[in-house]
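A.B. asks: Sending over work.cif (mmCIF, C-alpha atoms).
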data_entry
#
loop_
_atom_site.label_atom_id
_atom_site.label_comp_id
_atom_site.auth_asym_id
_atom_site.auth_seq_id
_atom_site.Cartn_x
_atom_site.Cartn_y
_atom_site.Cartn_z
CA MET R 236 0.00 0.00 0.00
CA THR R 237 1.32 3.41 -0.95
CA THR R 238 1.18 5.87 1.92
CA TRP R 239 1.33 9.65 1.84
CA LEU R 240 4.99 9.38 2.91
CA ASP R 241 5.85 7.35 -0.19
CA GLN R 242 4.65 10.22 -2.35
CA VAL R 243 7.20 12.63 -0.88
CA ARG R 244 10.38 12.90 -2.92
CA PHE R 245 13.27 13.01 -0.50
CA SER R 246 16.71 13.93 -1.87
CA THR R 247 19.47 11.40 -2.41
CA GLU R 248 20.52 12.18 1.18
CA GLY R 249 16.98 11.34 2.28
CA LEU R 250 16.04 14.92 3.13
CA ILE R 251 13.43 17.48 2.18
CA PRO R 252 13.32 21.21 3.03
CA ALA R 253 10.48 22.18 5.35
CA ILE R 254 9.25 25.77 5.60
CA ALA R 255 7.55 26.80 8.82
CA GLN R 256 5.02 29.57 8.27
CA GLU R 257 3.10 31.20 11.09
CA ALA R 258 -0.54 30.39 10.45
CA SER R 259 -1.93 33.52 12.11
CA THR R 260 0.32 36.08 10.39
CA GLY R 261 1.59 34.33 7.26
CA GLN R 262 5.16 35.12 8.25
CA VAL R 263 7.82 32.71 7.09
CA LEU R 264 9.52 31.74 10.35
CA MET R 265 12.31 29.40 9.32
CA VAL R 266 13.43 26.63 7.02
CA ALA R 267 14.84 23.35 8.28
CA TRP R 268 15.22 19.82 6.95
CA MET R 269 13.28 16.63 7.49
CA ASN R 270 13.96 13.02 6.79
CA ARG R 271 11.15 10.54 6.41
CA GLU R 272 10.99 9.79 10.12
CA ALA R 273 10.90 13.49 11.05
CA LEU R 274 7.99 14.10 8.70
CA GLN R 275 6.15 11.04 9.96
CA LEU R 276 6.65 12.14 13.59
CA THR R 277 5.59 15.71 12.79
CA ALA R 278 2.28 14.44 11.45
CA ALA R 279 1.83 11.93 14.25
CA GLU R 280 2.73 14.20 17.17
CA GLY R 281 1.29 17.45 15.85
CA TYR R 282 4.49 19.38 16.58
CA ALA R 283 7.39 20.09 14.21
CA VAL R 284 10.19 17.54 14.26
CA TYR R 285 13.17 18.24 12.01
CA TRP R 286 16.41 16.50 11.12
CA SER R 287 19.47 18.35 12.34
CA ARG R 288 22.12 18.09 9.64
CA SER R 289 24.84 19.39 11.96
CA ARG R 290 24.01 16.99 14.79
CA GLN R 291 22.78 14.20 12.50
CA GLN R 292 19.81 13.45 14.69
CA LEU R 293 16.11 14.12 15.06
CA TRP R 294 15.39 17.55 16.45
CA ARG R 295 12.12 18.16 18.25
CA LYS R 296 11.92 21.90 17.73
CA GLY R 297 11.60 23.62 21.09
CA GLU R 298 12.69 20.70 23.24
CA GLU R 299 15.32 22.92 24.88
CA SER R 300 13.85 26.38 24.36
CA GLY R 301 10.18 25.56 24.77
CA HIS R 302 9.60 27.27 21.43
CA ARG R 303 7.64 24.42 19.93
CA GLN R 304 5.67 24.67 16.71
CA ARG R 305 2.17 23.27 16.80
CA ILE R 306 1.12 21.99 13.41
CA VAL R 307 -1.97 23.58 11.91
CA GLU R 308 -1.53 22.13 8.42
CA ILE R 309 1.05 20.26 6.35
CA ARG R 310 1.27 21.05 2.64
CA LEU R 311 3.31 19.57 -0.20
CA ASP R 312 4.41 21.35 -3.37
CA CYS R 313 3.85 20.37 -7.01
CA ASP R 314 7.17 18.53 -7.29
CA ALA R 315 6.60 16.81 -3.93
CA ASP R 316 10.04 17.90 -2.80
CA VAL R 317 9.24 20.78 -0.41
CA VAL R 318 6.97 20.70 2.63
CA LEU R 319 5.16 23.76 4.00
CA LEU R 320 4.12 23.66 7.64
CA ARG R 321 1.54 26.13 8.83
CA VAL R 322 2.22 26.40 12.54
CA GLU R 323 1.44 28.17 15.76
CA GLN R 324 4.77 29.33 17.20
CA HIS R 325 4.98 28.88 20.96
CA GLY R 326 6.68 31.75 22.77
CA GLY R 327 6.61 33.86 19.61
CA ILE R 328 10.25 33.05 18.90
CA ALA R 329 11.31 30.72 16.10
CA CYS R 330 14.95 31.75 15.65
CA HIS R 331 17.85 30.56 17.81
CA THR R 332 19.07 34.19 17.83
CA GLY R 333 16.01 35.05 19.93
CA ARG R 334 14.13 36.77 17.14
CA HIS R 335 10.56 36.10 16.05
CA HIS R 336 11.77 34.55 12.82
CA CYS R 337 14.99 33.72 11.02
CA PHE R 338 14.63 36.07 8.05
CA PHE R 339 15.67 39.19 9.93
CA ARG R 340 18.10 40.55 7.34
CA VAL R 341 16.96 42.57 4.33
CA LEU R 342 19.08 43.51 1.33
CA ARG R 343 19.29 47.30 1.20
CA ASP R 344 21.77 49.34 -0.82
CA GLY R 345 24.05 46.38 -1.37
CA ARG R 346 24.22 45.18 2.22
CA TRP R 347 22.25 42.94 4.58
CA GLU R 348 20.53 45.05 7.16
CA THR R 349 19.12 43.54 10.36
CA VAL R 350 15.57 44.76 10.76
CA GLU R 351 14.11 42.59 13.51
CA PRO R 352 14.80 42.91 17.23
CA VAL R 353 16.08 40.21 19.56
CA LEU R 354 13.11 39.45 21.82
CA LYS R 355 15.02 37.26 24.26
CA SER R 356 18.75 36.63 24.44
CA PRO R 357 19.96 33.18 23.43
CA ALA R 358 21.60 32.87 26.87
CA ALA R 359 18.20 33.37 28.50
CA ILE R 360 16.52 30.96 26.09
CA TYR R 361 19.00 28.13 26.41
CA GLY R 362 20.04 28.78 29.99
CA GLU R 363 23.71 29.12 29.18
CA MET P 214 36.05 43.91 -0.53
CA THR P 215 33.39 41.61 0.87
CA THR P 216 30.07 42.03 -0.86
CA TRP P 217 26.61 40.97 0.24
CA LEU P 218 26.93 37.97 -2.08
CA ASP P 219 30.01 36.75 -0.24
CA GLN P 220 27.97 36.53 2.95
CA VAL P 221 25.56 34.03 1.44
CA ARG P 222 26.42 30.42 2.19
CA PHE P 223 25.81 28.44 -0.95
CA SER P 224 25.88 24.64 -0.68
CA THR P 225 28.77 22.53 -1.93
CA GLU P 226 26.90 22.42 -5.26
CA GLY P 227 26.83 26.21 -5.23
CA LEU P 228 23.11 26.48 -4.60
CA ILE P 229 20.75 28.02 -2.07
CA PRO P 230 17.00 27.48 -1.70
CA ALA P 231 14.89 30.55 -2.45
CA ILE P 232 11.34 30.90 -1.20
CA ALA P 233 9.02 33.19 -3.14
CA GLN P 234 6.34 34.70 -0.93
CA GLU P 235 3.58 36.92 -2.27
CA ALA P 236 4.10 40.31 -0.64
CA SER P 237 0.44 41.33 -0.69
CA THR P 238 -1.03 38.14 0.77
CA GLY P 239 1.86 36.46 2.58
CA GLN P 240 1.20 33.26 0.65
CA VAL P 241 4.21 31.02 0.04
CA LEU P 242 4.14 30.63 -3.73
CA MET P 243 7.04 28.28 -4.50
CA VAL P 244 10.55 27.24 -3.68
CA ALA P 245 13.32 27.08 -6.25
CA TRP P 246 17.11 27.18 -6.26
CA MET P 247 19.61 29.90 -6.98
CA ASN P 248 23.30 29.92 -7.66
CA ARG P 249 25.38 33.00 -7.05
CA GLU P 250 24.73 34.42 -10.50
CA ALA P 251 20.97 33.90 -10.21
CA LEU P 252 20.88 35.75 -6.91
CA GLN P 253 23.01 38.55 -8.26
CA LEU P 254 20.78 38.89 -11.34
CA THR P 255 17.62 38.79 -9.21
CA ALA P 256 18.86 41.76 -7.22
CA ALA P 257 20.13 43.61 -10.28
CA GLU P 258 17.11 43.08 -12.53
CA GLY P 259 14.39 43.25 -9.89
CA TYR P 260 12.75 40.05 -11.10
CA ALA P 261 13.28 36.51 -9.82
CA VAL P 262 15.97 34.52 -11.61
CA TYR P 263 16.50 30.94 -10.48
CA TRP P 264 18.83 28.09 -11.35
CA SER P 265 17.08 25.18 -12.97
CA ARG P 266 18.62 22.01 -11.58
CA SER P 267 16.91 19.84 -14.22
CA ARG P 268 18.02 22.01 -17.15
CA GLN P 269 21.27 23.14 -15.50
CA GLN P 270 20.81 26.71 -16.60
CA LEU P 271 19.59 30.09 -15.42
CA TRP P 272 15.83 30.35 -15.41
CA ARG P 273 14.22 33.74 -15.64
CA LYS P 274 10.90 32.88 -14.02
CA GLY P 275 8.08 33.77 -16.39
CA GLU P 276 10.17 34.07 -19.54
CA GLU P 277 7.85 31.60 -21.28
CA SER P 278 4.66 31.97 -19.28
CA GLY P 279 4.80 35.70 -18.58
CA HIS P 280 4.34 34.87 -14.90
CA ARG P 281 7.27 36.91 -13.72
CA GLN P 282 7.92 37.74 -10.10
CA ARG P 283 8.77 41.34 -9.33
CA ILE P 284 11.04 41.62 -6.31
CA VAL P 285 9.71 43.67 -3.42
CA GLU P 286 12.34 42.59 -0.92
CA ILE P 287 15.14 40.03 -0.53
CA ARG P 288 15.77 38.54 2.90
CA LEU P 289 18.39 36.17 4.27
CA ASP P 290 18.02 33.81 7.21
CA CYS P 291 20.16 33.49 10.35
CA ASP P 292 22.37 30.78 8.88
CA ALA P 293 22.69 32.70 5.60
CA ASP P 294 21.69 29.60 3.68
CA VAL P 295 18.11 30.34 2.69
CA VAL P 296 16.79 33.35 0.77
CA LEU P 297 13.25 34.70 1.11
CA LEU P 298 11.92 36.75 -1.79
CA ARG P 299 8.88 38.89 -1.20
CA VAL P 300 7.37 39.28 -4.65
CA GLU P 301 4.51 40.54 -6.71
CA GLN P 302 3.34 37.61 -8.83
CA HIS P 303 2.44 38.63 -12.38
CA GLY P 304 -0.65 36.91 -13.74
CA GLY P 305 -1.48 35.54 -10.29
CA ILE P 306 -0.03 32.14 -11.21
CA ALA P 307 3.26 30.89 -9.78
CA CYS P 308 2.92 27.16 -10.38
CA HIS P 309 3.61 25.38 -13.66
CA THR P 310 0.41 23.40 -13.06
CA GLY P 311 -1.53 26.64 -13.59
CA ARG P 312 -2.36 27.16 -9.94
CA HIS P 313 -1.81 30.29 -7.89
CA HIS P 314 0.94 28.62 -5.90
CA CYS P 315 2.76 25.30 -5.70
CA PHE P 316 1.59 24.19 -2.25
CA PHE P 317 -1.83 23.06 -3.37
CA ARG P 318 -1.86 19.72 -1.55
CA VAL P 319 -2.80 19.40 2.12
CA LEU P 320 -2.35 16.32 4.30
CA ARG P 321 -5.79 15.18 5.45
CA ASP P 322 -6.65 11.82 6.96
CA GLY P 323 -3.42 10.27 5.76
CA ARG P 324 -3.56 11.46 2.17
CA TRP P 325 -2.57 14.49 0.13
CA GLU P 326 -5.68 16.33 -0.93
CA THR P 327 -5.59 18.93 -3.71
CA VAL P 328 -7.32 22.05 -2.44
CA GLU P 329 -6.45 24.73 -5.00
CA PRO P 330 -8.01 25.09 -8.46
CA VAL P 331 -6.16 25.24 -11.77
CA LEU P 332 -6.63 28.82 -12.93
CA LYS P 333 -5.23 28.30 -16.41
CA SER P 334 -4.25 25.05 -18.08
CA PRO P 335 -0.53 24.44 -18.64
CA ALA P 336 -1.27 24.02 -22.36
CA ALA P 337 -2.73 27.53 -22.45
CA ILE P 338 0.14 28.94 -20.41
CA TYR P 339 2.94 27.39 -22.41
CA GLY P 340 1.21 27.33 -25.77
CA GLU P 341 1.63 23.60 -26.28
#
Once more with this new file: its structure as structure tokens, please.
C.D. replies:
Amino acid sequence: MTTWLDQVRFSTEGLIPAIAQEASTGQVLMVAWMNREALQLTAAEGYAVYWSRSRQQLWRKGEESGHRQRIVEIRLDCDADVVLLRVEQHGGIACHTGRHHCFFRVLRDGRWETVEPVLKSPAAIYGE
Amino acid sequence: MTTWLDQVRFSTEGLIPAIAQEASTGQVLMVAWMNREALQLTAAEGYAVYWSRSRQQLWRKGEESGHRQRIVEIRLDCDADVVLLRVEQHGGIACHTGRHHCFFRVLRDGRWETVEPVLKSPAAIYGE
């Protein structure tokens, strides 16, 4: 039997990019990667689970920071190789820098300008 | 001199994922890839230019279909390895299937359900 997971086209490394978009505001919060297990767990648990490429392990978003992402909807694109998560962002902070979202730099006059404030310092978030 | 392009972390294949988000609605339209030249041209020309991995060439989005994407803003994420384009979508169609955007399938009850209509047939768009 073909399941919904079999229809997803993971890369040769077994990964797919996943975009987390805030359901209430439409803001693109972050992009991370998922393997098949991460996507399966995300659907099963109702909270975003990614694959950390640097740590080479499953990453339950928010397990340290509390900034979990509750799944509102999971979408798949036309080529079946990108996933879009519509989420509710706990704590209002998606980025490890302590900002609301990761896309806090805008290209202006040939340079990247930071335009979003740090809401909580990483030291305070991660208790370092 | 370090330019804004030098700060972008392209993959070992020289690519970076680029998300196109409709500026007026916040809708995530599509995800494609850019190499350094595509990103440079996107900023210079003010319209989205991607790198087609299947054709291995620059792809000026909309050059066949007319569905160009005017750049409103270019953003970079915290890890400098994903670009977010806020765009104005010409013709209201971003997807090659003739739909408004590429994320037209939603996971419901263990299957991908198509929830967005085809606005214009691909044959009509591409004149086949």
A.B. asks: Mind telling me what the PyMOL selection byres ((chain P) within 9 of (chain R)) catches here, as a PyMOL selection string?
C.D. replies: chain P and resi 216-218+220+230+232+234+238-241+243-244+256+286-292+295-297+308-310+314-321+323-325
A.B. asks: Could you pull the residues within 10 Å of region 246-249 of chain P, counting only C-alpha atoms, minus those fewer than 2 positions along the same chain, as a CSV table (one decimal) with C-alpha atoms, in the frame of the given file?
C.D. replies:
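The new file out-v4.csv reads:
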chain,number,residue,atom,x,y,z
P,218,LEU,CA,26.9,38.0,-2.1
P,219,ASP,CA,30.0,36.8,-0.2
P,221,VAL,CA,25.6,34.0,1.4
P,222,ARG,CA,26.4,30.4,2.2
P,223,PHE,CA,25.8,28.4,-1.0
P,224,SER,CA,25.9,24.6,-0.7
P,226,GLU,CA,26.9,22.4,-5.3
P,227,GLY,CA,26.8,26.2,-5.2
P,228,LEU,CA,23.1,26.5,-4.6
P,229,ILE,CA,20.8,28.0,-2.1
P,230,PRO,CA,17.0,27.5,-1.7
P,231,ALA,CA,14.9,30.6,-2.4
P,232,ILE,CA,11.3,30.9,-1.2
P,244,VAL,CA,10.6,27.2,-3.7
P,251,ALA,CA,21.0,33.9,-10.2
P,252,LEU,CA,20.9,35.8,-6.9
P,253,GLN,CA,23.0,38.6,-8.3
P,254,LEU,CA,20.8,38.9,-11.3
P,255,THR,CA,17.6,38.8,-9.2
P,261,ALA,CA,13.3,36.5,-9.8
P,262,VAL,CA,16.0,34.5,-11.6
P,263,TYR,CA,16.5,30.9,-10.5
P,264,TRP,CA,18.8,28.1,-11.4
P,265,SER,CA,17.1,25.2,-13.0
P,266,ARG,CA,18.6,22.0,-11.6
P,270,GLN,CA,20.8,26.7,-16.6
P,271,LEU,CA,19.6,30.1,-15.4
P,272,TRP,CA,15.8,30.4,-15.4
P,295,VAL,CA,18.1,30.3,2.7
P,296,VAL,CA,16.8,33.4,0.8
A.B. asks: Is it possible to see chain P as a PDB file with C-alpha atoms, in the frame of the given file, once it has been laid onto chain R by a least-squares fit on every C-alpha atom in order?
C.D. replies:
ATOM      1  CA  MET P 214       0.061  -0.020   0.022  1.00  0.00           C
ATOM      2  CA  THR P 215       1.361   3.400  -0.946  1.00  0.00           C
ATOM      3  CA  THR P 216       1.173   5.867   1.895  1.00  0.00           C
ATOM      4  CA  TRP P 217       1.331   9.646   1.842  1.00  0.00           C
ATOM      5  CA  LEU P 218       4.975   9.382   2.908  1.00  0.00           C
ATOM      6  CA  ASP P 219       5.835   7.359  -0.180  1.00  0.00           C
ATOM      7  CA  GLN P 220       4.649  10.237  -2.348  1.00  0.00           C
ATOM      8  CA  VAL P 221       7.201  12.619  -0.882  1.00  0.00           C
ATOM      9  CA  ARG P 222      10.384  12.901  -2.911  1.00  0.00           C
ATOM     10  CA  PHE P 223      13.259  13.015  -0.487  1.00  0.00           C
ATOM     11  CA  SER P 224      16.691  13.932  -1.865  1.00  0.00           C
ATOM     12  CA  THR P 225      19.451  11.391  -2.403  1.00  0.00           C
ATOM     13  CA  GLU P 226      20.505  12.171   1.185  1.00  0.00           C
ATOM     14  CA  GLY P 227      16.975  11.344   2.294  1.00  0.00           C
ATOM     15  CA  LEU P 228      16.036  14.910   3.139  1.00  0.00           C
ATOM     16  CA  ILE P 229      13.415  17.471   2.186  1.00  0.00           C
ATOM     17  CA  PRO P 230      13.315  21.181   3.036  1.00  0.00           C
ATOM     18  CA  ALA P 231      10.475  22.185   5.353  1.00  0.00           C
ATOM     19  CA  ILE P 232       9.263  25.756   5.611  1.00  0.00           C
ATOM     20  CA  ALA P 233       7.543  26.791   8.830  1.00  0.00           C
ATOM     21  CA  GLN P 234       5.023  29.562   8.266  1.00  0.00           C
ATOM     22  CA  GLU P 235       3.099  31.197  11.089  1.00  0.00           C
ATOM     23  CA  ALA P 236      -0.556  30.388  10.450  1.00  0.00           C
ATOM     24  CA  SER P 237      -1.940  33.520  12.097  1.00  0.00           C
ATOM     25  CA  THR P 238       0.311  36.068  10.391  1.00  0.00           C
ATOM     26  CA  GLY P 239       1.584  34.322   7.264  1.00  0.00           C
ATOM     27  CA  GLN P 240       5.152  35.127   8.274  1.00  0.00           C
ATOM     28  CA  VAL P 241       7.820  32.693   7.087  1.00  0.00           C
ATOM     29  CA  LEU P 242       9.514  31.745  10.342  1.00  0.00           C
ATOM     30  CA  MET P 243      12.327  29.392   9.304  1.00  0.00           C
ATOM     31  CA  VAL P 244      13.436  26.629   7.021  1.00  0.00           C
ATOM     32  CA  ALA P 245      14.845  23.348   8.267  1.00  0.00           C
ATOM     33  CA  TRP P 246      15.230  19.812   6.955  1.00  0.00           C
ATOM     34  CA  MET P 247      13.279  16.640   7.500  1.00  0.00           C
ATOM     35  CA  ASN P 248      13.963  13.019   6.794  1.00  0.00           C
ATOM     36  CA  ARG P 249      11.153  10.540   6.414  1.00  0.00           C
ATOM     37  CA  GLU P 250      10.985   9.792  10.122  1.00  0.00           C
ATOM     38  CA  ALA P 251      10.894  13.482  11.053  1.00  0.00           C
ATOM     39  CA  LEU P 252       7.995  14.094   8.699  1.00  0.00           C
ATOM     40  CA  GLN P 253       6.148  11.060   9.958  1.00  0.00           C
ATOM     41  CA  LEU P 254       6.651  12.141  13.584  1.00  0.00           C
ATOM     42  CA  THR P 255       5.591  15.716  12.791  1.00  0.00           C
ATOM     43  CA  ALA P 256       2.287  14.445  11.454  1.00  0.00           C
ATOM     44  CA  ALA P 257       1.821  11.932  14.258  1.00  0.00           C
ATOM     45  CA  GLU P 258       2.735  14.194  17.175  1.00  0.00           C
ATOM     46  CA  GLY P 259       1.298  17.447  15.852  1.00  0.00           C
ATOM     47  CA  TYR P 260       4.488  19.371  16.573  1.00  0.00           C
ATOM     48  CA  ALA P 261       7.377  20.097  14.211  1.00  0.00           C
ATOM     49  CA  VAL P 262      10.193  17.554  14.258  1.00  0.00           C
ATOM     50  CA  TYR P 263      13.173  18.245  12.018  1.00  0.00           C
ATOM     51  CA  TRP P 264      16.413  16.510  11.125  1.00  0.00           C
ATOM     52  CA  SER P 265      19.466  18.346  12.334  1.00  0.00           C
ATOM     53  CA  ARG P 266      22.100  18.081   9.623  1.00  0.00           C
ATOM     54  CA  SER P 267      24.835  19.406  11.939  1.00  0.00           C
ATOM     55  CA  ARG P 268      24.007  17.003  14.779  1.00  0.00           C
ATOM     56  CA  GLN P 269      22.779  14.209  12.488  1.00  0.00           C
ATOM     57  CA  GLN P 270      19.807  13.464  14.673  1.00  0.00           C
ATOM     58  CA  LEU P 271      16.104  14.137  15.051  1.00  0.00           C
ATOM     59  CA  TRP P 272      15.390  17.559  16.458  1.00  0.00           C
ATOM     60  CA  ARG P 273      12.131  18.177  18.229  1.00  0.00           C
ATOM     61  CA  LYS P 274      11.937  21.931  17.723  1.00  0.00           C
ATOM     62  CA  GLY P 275      11.603  23.635  21.091  1.00  0.00           C
ATOM     63  CA  GLU P 276      12.708  20.705  23.229  1.00  0.00           C
ATOM     64  CA  GLU P 277      15.325  22.929  24.876  1.00  0.00           C
ATOM     65  CA  SER P 278      13.872  26.382  24.346  1.00  0.00           C
ATOM     66  CA  GLY P 279      10.186  25.571  24.768  1.00  0.00           C
ATOM     67  CA  HIS P 280       9.587  27.274  21.424  1.00  0.00           C
ATOM     68  CA  ARG P 281       7.644  24.423  19.930  1.00  0.00           C
ATOM     69  CA  GLN P 282       5.668  24.686  16.730  1.00  0.00           C
ATOM     70  CA  ARG P 283       2.166  23.269  16.798  1.00  0.00           C
ATOM     71  CA  ILE P 284       1.116  21.987  13.392  1.00  0.00           C
ATOM     72  CA  VAL P 285      -1.978  23.579  11.902  1.00  0.00           C
ATOM     73  CA  GLU P 286      -1.539  22.134   8.430  1.00  0.00           C
ATOM     74  CA  ILE P 287       1.043  20.264   6.337  1.00  0.00           C
ATOM     75  CA  ARG P 288       1.281  21.041   2.632  1.00  0.00           C
ATOM     76  CA  LEU P 289       3.316  19.580  -0.211  1.00  0.00           C
ATOM     77  CA  ASP P 290       4.409  21.347  -3.379  1.00  0.00           C
ATOM     78  CA  CYS P 291       3.855  20.362  -7.021  1.00  0.00           C
ATOM     79  CA  ASP P 292       7.164  18.529  -7.298  1.00  0.00           C
ATOM     80  CA  ALA P 293       6.593  16.814  -3.939  1.00  0.00           C
ATOM     81  CA  ASP P 294      10.023  17.913  -2.788  1.00  0.00           C
ATOM     82  CA  VAL P 295       9.243  20.761  -0.417  1.00  0.00           C
ATOM     83  CA  VAL P 296       6.973  20.705   2.639  1.00  0.00           C
ATOM     84  CA  LEU P 297       5.160  23.762   3.994  1.00  0.00           C
ATOM     85  CA  LEU P 298       4.127  23.656   7.641  1.00  0.00           C
ATOM     86  CA  ARG P 299       1.556  26.135   8.828  1.00  0.00           C
ATOM     87  CA  VAL P 300       2.234  26.428  12.541  1.00  0.00           C
ATOM     88  CA  GLU P 301       1.443  28.173  15.757  1.00  0.00           C
ATOM     89  CA  GLN P 302       4.765  29.330  17.197  1.00  0.00           C
ATOM     90  CA  HIS P 303       4.971  28.880  20.966  1.00  0.00           C
ATOM     91  CA  GLY P 304       6.662  31.751  22.770  1.00  0.00           C
ATOM     92  CA  GLY P 305       6.599  33.857  19.603  1.00  0.00           C
ATOM     93  CA  ILE P 306      10.257  33.052  18.907  1.00  0.00           C
ATOM     94  CA  ALA P 307      11.316  30.723  16.100  1.00  0.00           C
ATOM     95  CA  CYS P 308      14.942  31.748  15.661  1.00  0.00           C
ATOM     96  CA  HIS P 309      17.844  30.569  17.804  1.00  0.00           C
ATOM     97  CA  THR P 310      19.065  34.179  17.832  1.00  0.00           C
ATOM     98  CA  GLY P 311      16.010  35.050  19.942  1.00  0.00           C
ATOM     99  CA  ARG P 312      14.126  36.766  17.152  1.00  0.00           C
ATOM    100  CA  HIS P 313      10.566  36.114  16.054  1.00  0.00           C
ATOM    101  CA  HIS P 314      11.748  34.549  12.819  1.00  0.00           C
ATOM    102  CA  CYS P 315      14.979  33.711  11.021  1.00  0.00           C
ATOM    103  CA  PHE P 316      14.633  36.071   8.051  1.00  0.00           C
ATOM    104  CA  PHE P 317      15.651  39.177   9.933  1.00  0.00           C
ATOM    105  CA  ARG P 318      18.093  40.533   7.350  1.00  0.00           C
ATOM    106  CA  VAL P 319      16.966  42.556   4.335  1.00  0.00           C
ATOM    107  CA  LEU P 320      19.099  43.511   1.339  1.00  0.00           C
ATOM    108  CA  ARG P 321      19.316  47.305   1.210  1.00  0.00           C
ATOM    109  CA  ASP P 322      21.783  49.342  -0.807  1.00  0.00           C
ATOM    110  CA  GLY P 323      24.049  46.368  -1.347  1.00  0.00           C
ATOM    111  CA  ARG P 324      24.207  45.161   2.236  1.00  0.00           C
ATOM    112  CA  TRP P 325      22.250  42.926   4.581  1.00  0.00           C
ATOM    113  CA  GLU P 326      20.535  45.057   7.169  1.00  0.00           C
ATOM    114  CA  THR P 327      19.128  43.541  10.365  1.00  0.00           C
ATOM    115  CA  VAL P 328      15.570  44.774  10.768  1.00  0.00           C
ATOM    116  CA  GLU P 329      14.108  42.580  13.514  1.00  0.00           C
ATOM    117  CA  PRO P 330      14.811  42.924  17.246  1.00  0.00           C
ATOM    118  CA  VAL P 331      16.081  40.204  19.567  1.00  0.00           C
ATOM    119  CA  LEU P 332      13.119  39.448  21.813  1.00  0.00           C
ATOM    120  CA  LYS P 333      15.014  37.254  24.249  1.00  0.00           C
ATOM    121  CA  SER P 334      18.741  36.629  24.430  1.00  0.00           C
ATOM    122  CA  PRO P 335      19.970  33.165  23.422  1.00  0.00           C
ATOM    123  CA  ALA P 336      21.590  32.858  26.864  1.00  0.00           C
ATOM    124  CA  ALA P 337      18.189  33.350  28.492  1.00  0.00           C
ATOM    125  CA  ILE P 338      16.516  30.956  26.072  1.00  0.00           C
ATOM    126  CA  TYR P 339      19.013  28.145  26.395  1.00  0.00           C
ATOM    127  CA  GLY P 340      20.048  28.775  29.975  1.00  0.00           C
ATOM    128  CA  GLU P 341      23.736  29.123  29.186  1.00  0.00           C
TER     129      GLU P 341
END
A.B. asks: For this file, the PyMOL selection byres ((chain P and resi 301) around 6) selects which residues, as an MDAnalysis selection string?
C.D. replies: chainID P and resid 235 282:283 300 302
A.B. asks: Starting from the shown file, work through the PyMOL selection byres ((chain P and resi 280) around 6) and note down what comes out as a list in words.
C.D. replies: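 Against this file, the PyMOL selection byres ((chain P and resi 280) around 6) returns the residues Gly275, Ser278, Gly279, Arg281, His303 and Gly304 of chain P.
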A.B. asks: Separation of CA of Gly305 (chain P) and CA of Ile306 (chain R), in Å?
C.D. replies: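 Between CA of Gly305 (chain P) and CA of Ile306 (chain R) the gap is 27.4 Å.
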A.B. asks: Padding of 4 Å on every side, edges along x, y and z, all listed atoms of region 257-267 of chain R included: what centre and edge lengths in Å, to one decimal, does that box have, as JSON?
C.D. replies:
{"center_x": 6.5, "center_y": 29.7, "center_z": 9.6, "size_x": 24.8, "size_y": 20.7, "size_z": 13.1}
A.B. asks: Smallest atom-to-atom distance to Ala329 (chain R): which of R:Gly362, R:Lys355, R:Val350, R:Val307, using only C-alpha atoms?
C.D. replies: R:Lys355
A.B. asks: One decimal, Å: what's the distance from CA of Glu299 (chain R) over to CA of Ala279 (chain R), could you say?
C.D. replies: 20.4 Å
A.B. asks: Which distance in Å separates CA of His335 (chain R) and CA of Val353 (chain R), to one decimal?
C.D. replies: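 Straight-line distance from CA of His335 (chain R) to CA of Val353 (chain R) works out to 7.7 Å.
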